[in-house]
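File shown here: input17.cif, holding mmCIF, C-alpha atoms.
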data_my_file
#
loop_
_atom_site.label_atom_id
_atom_site.label_comp_id
_atom_site.auth_asym_id
_atom_site.auth_seq_id
_atom_site.Cartn_x
_atom_site.Cartn_y
_atom_site.Cartn_z
CA MET G 1 168.30 -45.14 64.59
CA SER G 2 168.69 -44.23 60.94
CA GLN G 3 169.28 -47.88 60.04
CA PHE G 4 165.97 -48.86 61.63
CA ALA G 5 164.27 -46.02 59.76
CA LEU G 6 165.79 -47.10 56.46
CA SER G 7 164.80 -50.73 57.00
CA GLY G 8 161.26 -49.66 57.91
CA ALA G 9 161.04 -47.52 54.77
CA GLY G 10 162.29 -50.43 52.67
CA ARG G 11 159.65 -52.75 54.15
CA SER G 12 156.91 -50.19 53.50
CA ARG G 13 158.03 -49.80 49.88
CA LYS G 14 157.99 -53.58 49.41
CA LYS G 15 154.55 -53.77 50.99
CA LYS G 16 153.23 -51.04 48.70
CA GLY G 17 154.76 -52.78 45.69
CA ALA G 18 153.08 -56.04 46.65
CA LEU G 19 149.74 -54.29 47.13
CA SER G 20 150.01 -52.54 43.77
CA LEU G 21 150.80 -55.85 42.06
CA LYS G 22 147.96 -57.79 43.73
CA PRO G 23 145.08 -56.49 41.53
CA TYR G 24 146.95 -57.46 38.37
CA LEU G 25 147.45 -60.98 39.67
CA PHE G 26 143.68 -61.31 40.08
CA LEU G 27 143.21 -60.10 36.50
CA LEU G 28 145.81 -62.48 35.10
CA PRO G 29 143.50 -65.55 34.71
CA MET G 30 140.86 -63.46 32.94
CA VAL G 31 143.48 -61.95 30.63
CA PHE G 32 144.86 -65.41 29.88
CA PHE G 33 141.47 -66.80 28.84
CA ALA G 34 140.55 -63.62 26.94
CA VAL G 35 143.74 -63.75 24.91
CA GLY G 36 143.53 -67.50 24.32
CA PHE G 37 139.84 -67.75 23.45
CA VAL G 38 138.90 -64.28 22.12
CA TYR G 39 141.75 -62.14 20.83
CA TYR G 40 143.98 -64.84 19.36
CA PRO G 41 141.13 -66.54 17.42
CA PHE G 42 139.95 -63.15 16.18
CA ILE G 43 143.39 -62.16 14.92
CA LYS G 44 143.83 -65.58 13.34
CA THR G 45 140.44 -65.26 11.61
CA CYS G 46 141.39 -61.83 10.26
CA ILE G 47 144.62 -63.27 8.82
CA GLN G 48 142.81 -66.26 7.28
CA SER G 49 140.21 -64.01 5.66
CA VAL G 50 142.91 -62.44 3.47
CA SER G 51 144.85 -65.67 2.90
CA ASN G 52 144.54 -68.95 1.09
CA VAL G 53 143.95 -71.77 3.60
CA ASN G 54 144.15 -75.47 2.74
CA PHE G 55 141.88 -78.21 4.07
CA ARG G 56 144.18 -78.75 7.08
CA GLY G 57 143.76 -75.10 8.14
CA GLU G 58 147.27 -74.11 7.10
CA ILE G 59 147.88 -70.74 5.43
CA THR G 60 149.50 -71.24 2.04
CA GLY G 61 149.55 -67.70 0.66
CA PHE G 62 148.27 -64.14 0.82
CA VAL G 63 145.35 -63.30 -1.51
CA GLY G 64 144.24 -59.90 -0.22
CA LEU G 65 140.54 -59.19 -0.77
CA GLU G 66 139.93 -62.02 -3.22
CA ASN G 67 138.02 -64.05 -0.63
CA PHE G 68 135.64 -61.15 -0.02
CA GLN G 69 135.20 -60.53 -3.74
CA TYR G 70 134.36 -64.18 -4.31
CA LEU G 71 131.97 -64.13 -1.36
CA PHE G 72 130.11 -61.07 -2.65
CA SER G 73 129.68 -62.73 -6.04
CA ARG G 74 127.96 -65.78 -4.57
CA ARG G 75 124.17 -65.87 -4.54
CA GLU G 76 124.17 -67.61 -1.15
CA PHE G 77 125.77 -64.57 0.46
CA GLY G 78 122.92 -62.26 -0.56
CA ILE G 79 120.33 -64.76 0.67
CA ALA G 80 122.14 -65.27 3.98
CA LEU G 81 122.56 -61.51 4.47
CA ARG G 82 118.88 -60.84 3.78
CA ASN G 83 117.73 -63.63 6.11
CA THR G 84 120.04 -62.46 8.89
CA LEU G 85 118.81 -58.88 8.69
CA LYS G 86 115.20 -60.06 8.58
CA LEU G 87 115.68 -62.27 11.61
CA THR G 88 117.39 -59.50 13.57
CA LEU G 89 115.04 -56.64 12.70
CA ILE G 90 111.94 -58.69 13.55
CA ASN G 91 113.21 -60.68 16.51
CA VAL G 92 114.68 -57.85 18.60
CA PRO G 93 111.66 -55.46 18.73
CA ILE G 94 109.14 -58.27 19.27
CA THR G 95 111.17 -59.85 22.08
CA ILE G 96 111.70 -56.51 23.83
CA VAL G 97 108.02 -55.51 23.64
CA ILE G 98 106.76 -58.89 24.89
CA THR G 99 109.19 -59.16 27.80
CA LEU G 100 108.73 -55.50 28.72
CA LEU G 101 104.97 -55.93 29.00
CA LEU G 102 105.28 -59.19 30.93
CA ALA G 103 107.73 -57.64 33.39
CA TRP G 104 105.51 -54.58 33.84
CA LEU G 105 102.48 -56.74 34.60
CA CYS G 106 104.41 -58.89 37.07
CA SER G 107 105.92 -55.85 38.83
CA ARG G 108 102.46 -54.82 40.01
CA PRO G 109 101.09 -56.43 43.21
CA HIS G 110 99.20 -59.64 42.46
CA PRO G 111 98.44 -62.77 44.52
CA LEU G 112 99.95 -65.06 41.88
CA HIS G 113 102.95 -62.94 40.90
CA SER G 114 105.44 -65.57 42.13
CA MET G 115 103.91 -68.21 39.87
CA TYR G 116 103.92 -65.83 36.91
CA GLU G 117 107.55 -64.85 37.50
CA THR G 118 108.61 -68.50 37.58
CA MET G 119 106.60 -69.32 34.47
CA PHE G 120 107.95 -66.42 32.41
CA ALA G 121 111.55 -67.07 33.51
CA LEU G 122 111.32 -70.78 32.64
CA PRO G 123 112.69 -70.48 29.05
CA MET G 124 116.03 -69.38 30.49
CA VAL G 125 116.69 -72.71 32.24
CA VAL G 126 115.87 -74.97 29.27
CA SER G 127 118.68 -75.81 26.86
CA MET G 128 118.57 -74.57 23.28
CA ALA G 129 118.57 -78.10 21.85
CA ALA G 130 115.66 -79.18 24.04
CA ILE G 131 113.61 -76.11 23.13
CA THR G 132 114.34 -76.67 19.46
CA LEU G 133 113.13 -80.27 19.57
CA VAL G 134 109.99 -79.23 21.47
CA PHE G 135 109.17 -76.64 18.80
CA LYS G 136 109.83 -79.21 16.11
CA VAL G 137 107.04 -81.32 17.60
CA LEU G 138 104.73 -78.37 18.32
CA LEU G 139 104.96 -77.15 14.74
CA ASN G 140 104.81 -80.58 13.15
CA PRO G 141 102.36 -80.53 10.20
CA SER G 142 100.57 -83.74 11.24
CA VAL G 143 100.84 -84.10 15.04
CA GLY G 144 101.74 -80.54 16.03
CA PHE G 145 99.62 -78.81 18.66
CA LEU G 146 99.68 -75.41 16.96
CA ASN G 147 98.14 -76.68 13.73
CA TYR G 148 95.57 -78.66 15.73
CA ALA G 149 94.61 -75.69 17.94
CA LEU G 150 94.31 -73.25 15.03
CA GLY G 151 92.85 -75.70 12.52
CA LEU G 152 95.78 -75.30 10.14
CA ASN G 153 97.68 -77.68 7.92
CA ILE G 154 101.05 -75.98 7.59
CA GLY G 155 104.44 -77.63 7.43
CA TRP G 156 106.19 -74.84 9.27
CA TYR G 157 109.76 -76.03 8.80
CA GLU G 158 109.10 -77.82 5.51
CA ASP G 159 107.72 -74.82 3.59
CA ARG G 160 110.06 -72.03 2.49
CA HIS G 161 107.28 -69.47 3.06
CA THR G 162 106.82 -70.35 6.75
CA ALA G 163 110.20 -71.75 7.83
CA MET G 164 111.59 -68.38 8.89
CA SER G 165 108.39 -67.63 10.82
CA GLY G 166 108.89 -70.87 12.74
CA ILE G 167 112.51 -69.91 13.50
CA LEU G 168 111.34 -66.47 14.66
CA MET G 169 108.77 -67.96 17.05
CA LEU G 170 111.46 -70.20 18.50
CA THR G 171 114.07 -67.47 18.95
CA VAL G 172 111.58 -65.06 20.50
CA TRP G 173 110.52 -67.70 23.03
CA MET G 174 114.17 -68.45 23.82
CA GLY G 175 114.83 -64.78 24.62
CA ILE G 176 111.91 -64.25 26.98
CA GLY G 177 113.38 -65.71 30.19
CA PHE G 178 116.57 -63.69 30.67
CA ASN G 179 115.09 -60.45 29.32
CA PHE G 180 112.09 -60.85 31.61
CA LEU G 181 114.32 -61.09 34.69
CA LEU G 182 116.28 -57.99 33.67
CA PHE G 183 113.17 -55.90 33.04
CA LEU G 184 111.46 -57.15 36.20
CA SER G 185 114.49 -56.17 38.30
CA ALA G 186 114.53 -52.76 36.62
CA PHE G 187 110.83 -52.14 37.31
CA LYS G 188 111.13 -53.23 40.94
CA GLY G 189 114.15 -50.97 41.40
CA LEU G 190 112.24 -47.80 40.52
CA PRO G 191 111.71 -45.30 43.38
CA PRO G 192 108.19 -45.84 44.77
CA ASP G 193 107.90 -42.19 45.81
CA MET G 194 108.06 -41.06 42.19
CA LEU G 195 105.42 -43.54 41.12
CA GLY G 196 103.23 -42.54 44.04
CA SER G 197 103.54 -38.87 43.10
CA ALA G 198 102.50 -39.64 39.54
CA GLU G 199 99.45 -41.50 40.84
CA LEU G 200 98.52 -38.55 43.08
CA ASP G 201 98.83 -36.20 40.11
CA GLY G 202 96.23 -38.27 38.26
CA ALA G 203 98.49 -40.08 35.82
CA GLY G 204 97.05 -43.40 34.68
CA LYS G 205 98.96 -46.66 34.60
CA LEU G 206 99.67 -46.42 30.86
CA ARG G 207 100.81 -42.79 31.12
CA THR G 208 103.05 -43.65 34.07
CA LEU G 209 104.57 -46.52 32.10
CA LEU G 210 105.28 -44.48 28.98
CA SER G 211 106.35 -41.20 30.60
CA ILE G 212 108.09 -42.29 33.80
CA GLN G 213 108.88 -45.98 34.04
CA ILE G 214 110.23 -46.64 30.55
CA PRO G 215 112.54 -43.56 30.56
CA LEU G 216 113.87 -44.61 33.97
CA ILE G 217 114.68 -48.16 32.82
CA SER G 218 116.04 -47.06 29.44
CA PRO G 219 119.62 -48.20 30.34
CA THR G 220 118.26 -51.72 30.82
CA ILE G 221 116.36 -51.48 27.54
CA LEU G 222 119.58 -50.45 25.75
CA TYR G 223 121.47 -53.38 27.26
CA VAL G 224 118.73 -55.87 26.31
CA ALA G 225 118.55 -54.45 22.77
CA CYS G 226 122.32 -54.85 22.31
CA THR G 227 122.47 -58.39 23.67
CA ASN G 228 119.38 -59.50 21.71
CA MET G 229 120.76 -57.99 18.52
CA ILE G 230 124.05 -59.86 18.95
CA GLN G 231 122.22 -63.13 19.65
CA ALA G 232 119.96 -62.68 16.64
CA MET G 233 122.93 -61.95 14.38
CA MET G 234 124.66 -65.10 15.68
CA THR G 235 121.63 -67.42 15.29
CA ASN G 236 122.76 -70.82 14.09
CA GLY G 237 121.85 -73.62 16.52
CA PRO G 238 118.10 -73.83 15.82
CA ILE G 239 118.71 -73.61 12.08
CA LEU G 240 121.36 -76.32 12.26
CA ILE G 241 118.99 -78.66 14.11
CA LEU G 242 115.70 -77.88 12.37
CA THR G 243 116.16 -76.77 8.77
CA GLN G 244 119.87 -76.89 7.79
CA GLY G 245 119.37 -73.57 6.04
CA GLY G 246 116.40 -74.79 4.00
CA PRO G 247 114.01 -75.27 2.53
CA SER G 248 115.38 -73.57 -0.59
CA ARG G 249 117.86 -71.57 1.58
CA SER G 250 114.96 -69.68 3.18
CA THR G 251 116.55 -69.93 6.66
CA MET G 252 120.23 -69.68 5.71
CA THR G 253 121.94 -67.06 7.86
CA MET G 254 125.44 -65.61 7.87
CA ILE G 255 126.61 -67.87 10.67
CA TYR G 256 125.14 -70.96 9.03
CA LEU G 257 126.89 -69.96 5.79
CA MET G 258 130.12 -69.69 7.74
CA TYR G 259 129.52 -73.13 9.24
CA THR G 260 128.82 -74.81 5.91
CA SER G 261 131.76 -73.06 4.22
CA GLY G 262 134.21 -74.07 6.94
CA TYR G 263 133.08 -77.50 8.13
CA ALA G 264 131.14 -78.90 5.17
CA SER G 265 133.38 -77.59 2.36
CA SER G 266 136.68 -77.07 4.25
CA ASN G 267 136.90 -73.61 2.70
CA TYR G 268 138.29 -71.99 5.83
CA SER G 269 139.35 -68.77 4.15
CA LEU G 270 135.79 -68.17 2.89
CA ALA G 271 134.38 -69.03 6.32
CA ALA G 272 136.78 -66.52 7.87
CA ALA G 273 135.61 -63.83 5.43
CA VAL G 274 131.97 -64.53 6.35
CA SER G 275 132.77 -64.30 10.07
CA ILE G 276 134.60 -60.97 9.61
CA ILE G 277 131.62 -59.51 7.74
CA SER G 278 129.25 -60.79 10.44
CA PHE G 279 131.45 -59.22 13.10
CA GLY G 280 131.51 -55.91 11.22
CA MET G 281 127.72 -55.89 10.87
CA THR G 282 127.24 -56.67 14.56
CA LEU G 283 129.71 -53.96 15.54
CA LEU G 284 127.95 -51.45 13.29
CA PHE G 285 124.50 -52.22 14.73
CA THR G 286 125.88 -52.00 18.26
CA ALA G 287 127.43 -48.61 17.50
CA LEU G 288 124.11 -47.39 16.08
CA LEU G 289 122.33 -48.48 19.24
CA PHE G 290 124.85 -46.64 21.39
CA THR G 291 124.31 -43.45 19.40
CA MET G 292 120.81 -43.46 20.86
CA GLU G 293 122.24 -43.40 24.39
CA LYS G 294 122.65 -39.61 24.53
CA ARG G 295 119.14 -38.96 23.24
CA ARG G 296 116.95 -41.73 24.60
CA VAL G 297 118.77 -43.20 27.60
CA HIS G 298 118.33 -41.53 30.98
CA TYR G 299 120.48 -42.49 33.97
CA GLN G 300 119.12 -41.91 37.44
#
Can you dump the structure from the file as structure tokens?
Amino acid sequence: MSQFALSGAGRSRKKKGALSLKPYLFLLPMVFFAVGFVYYPFIKTCIQSVSNVNFRGEITGFVGLENFQYLFSRREFGIALRNTLKLTLINVPITIVITLLLAWLCSRPHPLHSMYETMFALPMVVSMAAITLVFKVLLNPSVGFLNYALGLNIGWYEDRHTAMSGILMLTVWMGIGFNFLLFLSAFKGLPPDMLGSAELDGAGKLRTLLSIQIPLISPTILYVACTNMIQAMMTNGPILILTQGGPSRSTMTMIYLMYTSGYASSNYSLAAAVSIISFGMTLLFTALLFTMEKRRVHYQ
């Protein structure tokens, strides 16, 4: 009898061990890809930023902070830093305000709300390259629709005074689709009883939006602000296709500087230093946004 009991206990222990190991087996593929495509490249970039790297990408020596000192002394770094901050600080608030208002309008009952939802979510399904080429035609100085409609004669991407404005219009339009869906879901998930009580108390639509709806969806607003900030800091594709950092470096960003340093000049150590600084700036801005969580974000 005791032998049967011991064998049953052994089988139960094996079964429990298998069950405890099962969740880690499901996580193993994700860990493999995270290590291979995120953590290993990041550690390698950190090492290259303090090393001398030849044109084949091989580390030939340790130089400490010399790469960063050389980077800070270059005029291109100051221009790229200023343009990146300008793009981020303008793009993020404008995109959030526009998509927030569009989602609020579509969350209210309307006969054509399905058409509006599809139209506002459309930018999400179009590729970045296709959108960039469409904007290149729309803002063309001679055949562009925007100049024709407004009676202007502006070379948006050919003039250093307007090139960044053209990039901003493009990046804002690219961010509307996904943000709109997030905000629309947040508005539709609000408790109707609370909104009905506010209406019975005499609160207008604008007062309800500012005092009730926006505080309730503040976690979504924080998430959208963080993701938009990261995307704005990493902007490179439209600049690479449209302006190549010009004219006169007016659209050169940190990521484009990293691209030109690494791929055009084969200065991989300098490109690594630029990427580390860009990562640090993005991490700092994200931490600043999360400091607002305790004061401005309200969880239901």
Expand the PyMOL selection byres ((chain G and resi 64-80) around 7) into the explicit residue set it covers here, and present it as a PDB file with C-alpha atoms, in the coordinates of the input.
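Generated file (part17.pdb):
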ATOM      1  CA  SER G  49     140.210 -64.010   5.660  1.00  0.00           C
ATOM      2  CA  VAL G  50     142.910 -62.440   3.470  1.00  0.00           C
ATOM      3  CA  SER G  51     144.850 -65.670   2.900  1.00  0.00           C
ATOM      4  CA  PHE G  62     148.270 -64.140   0.820  1.00  0.00           C
ATOM      5  CA  VAL G  63     145.350 -63.300  -1.510  1.00  0.00           C
ATOM      6  CA  LEU G  81     122.560 -61.510   4.470  1.00  0.00           C
ATOM      7  CA  ARG G  82     118.880 -60.840   3.780  1.00  0.00           C
ATOM      8  CA  ASN G  83     117.730 -63.630   6.110  1.00  0.00           C
ATOM      9  CA  THR G  84     120.040 -62.460   8.890  1.00  0.00           C
ATOM     10  CA  MET G 252     120.230 -69.680   5.710  1.00  0.00           C
ATOM     11  CA  THR G 253     121.940 -67.060   7.860  1.00  0.00           C
ATOM     12  CA  MET G 254     125.440 -65.610   7.870  1.00  0.00           C
ATOM     13  CA  LEU G 257     126.890 -69.960   5.790  1.00  0.00           C
ATOM     14  CA  SER G 269     139.350 -68.770   4.150  1.00  0.00           C
ATOM     15  CA  LEU G 270     135.790 -68.170   2.890  1.00  0.00           C
ATOM     16  CA  ALA G 273     135.610 -63.830   5.430  1.00  0.00           C
TER      17      ALA G 273
END
Next item on the list: Find, counting only C-alpha atoms, the residue in G:Leu138, G:Met281, G:Leu28, G:Leu146 that gets nearest to Met229 of chain G.
Entry: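 The answer is G:Met281, which sits nearest to Met229 of chain G.
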Next item on the list: For Ala121 of chain G, please output as an NGL selection string all residues within 7 Å (counting all atoms listed in the file; exclusion window: fewer than 2 positions along the same chain).
Entry: :G and (117-119 or 123-124 or 177-178 or 180-181)
Next item on the list: For atom CA of Gln213 of chain G and atom CA of Ile176 of chain G, quote the distance in Å rounded to one decimal.
Entry: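 Atom CA of Gln213 of chain G sits 19.8 Å away from atom CA of Ile176 of chain G.
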Next item on the list: Run the PyMOL selection byres ((chain G and resi 239) around 10) on the file and write out the hits as a list of chain:residue names.
Entry: G:Thr132, G:Tyr157, G:Ala163, G:Met164, G:Ile167, G:Thr235, G:Asn236, G:Gly237, G:Pro238, G:Leu240, G:Ile241, G:Leu242, G:Thr243, G:Gln244, G:Gly245, G:Gly246, G:Thr251, G:Met252, G:Thr253, G:Ile255, G:Tyr256
Check: What is the distance between atom CA of Phe290 of chain G and atom CA of Ile230 of chain G, in Å to one decimal?
Finding: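 Atom CA of Ile230 of chain G lies at a distance of 13.5 Å from atom CA of Phe290 of chain G.
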Margin query: Under the rule that only C-alpha atoms are counted, which of G:Leu184, G:Tyr259, G:Cys226, G:Ile217 is the nearest residue to Ser114 of chain G?
Written below: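 Going through G:Leu184, G:Tyr259, G:Cys226, G:Ile217 one by one, the smallest distance to Ser114 of chain G is for G:Leu184.
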Margin query: Need the shell around Gly57 of chain G: protein/DNA/RNA residues with any atom at most 9 Å away, counting only C-alpha atoms. Skip same-chain ones fewer than 5 positions apart. Format as a list in words?
Written below: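 Final neighbour list, sorted by chain and number: Gln48, Ser266, Asn267, Tyr268 and Ser269 of chain G.
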Next item on the list: Any chance you could resolve the PyMOL selection byres ((chain G and resi 279) around 12) against this file and give the residues as a ChimeraX atom specification?
Entry: /G:42,45-46,230-231,233-234,254-255,258,272-278,280-286
Next item on the list: Tell me which of G:Met30, G:Ala264, G:Leu100, G:Leu89 sits closest to Phe187 of chain G, counting only C-alpha atoms.
Entry: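 Among the listed residues, G:Leu100 lies closest to Phe187 of chain G.
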Next item on the list: Identify the residues within 7 Å of coordinate (116.5, -56.8, 32.8) (same frame as the file), considering only C-alpha atoms, and give the answer as a list in words.
Entry: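 Nearby residues: Asn179, Phe180, Leu181, Leu182, Phe183, Leu184, Ser185, Ala186, Thr220 and Val224 of chain G.
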Check: Between G:Ser20, G:Thr99, G:Thr208, G:Asn153, which one has atoms that come closest to Asn140 of chain G, using only C-alpha atoms?
Finding: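 So, comparing all the options, the nearest one is G:Asn153.
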Item checked: Coordinates-based distance that separates atom CA of Leu222 of chain G from atom CA of Ser197 of chain G (Å, one decimal) -> 26.3 Å
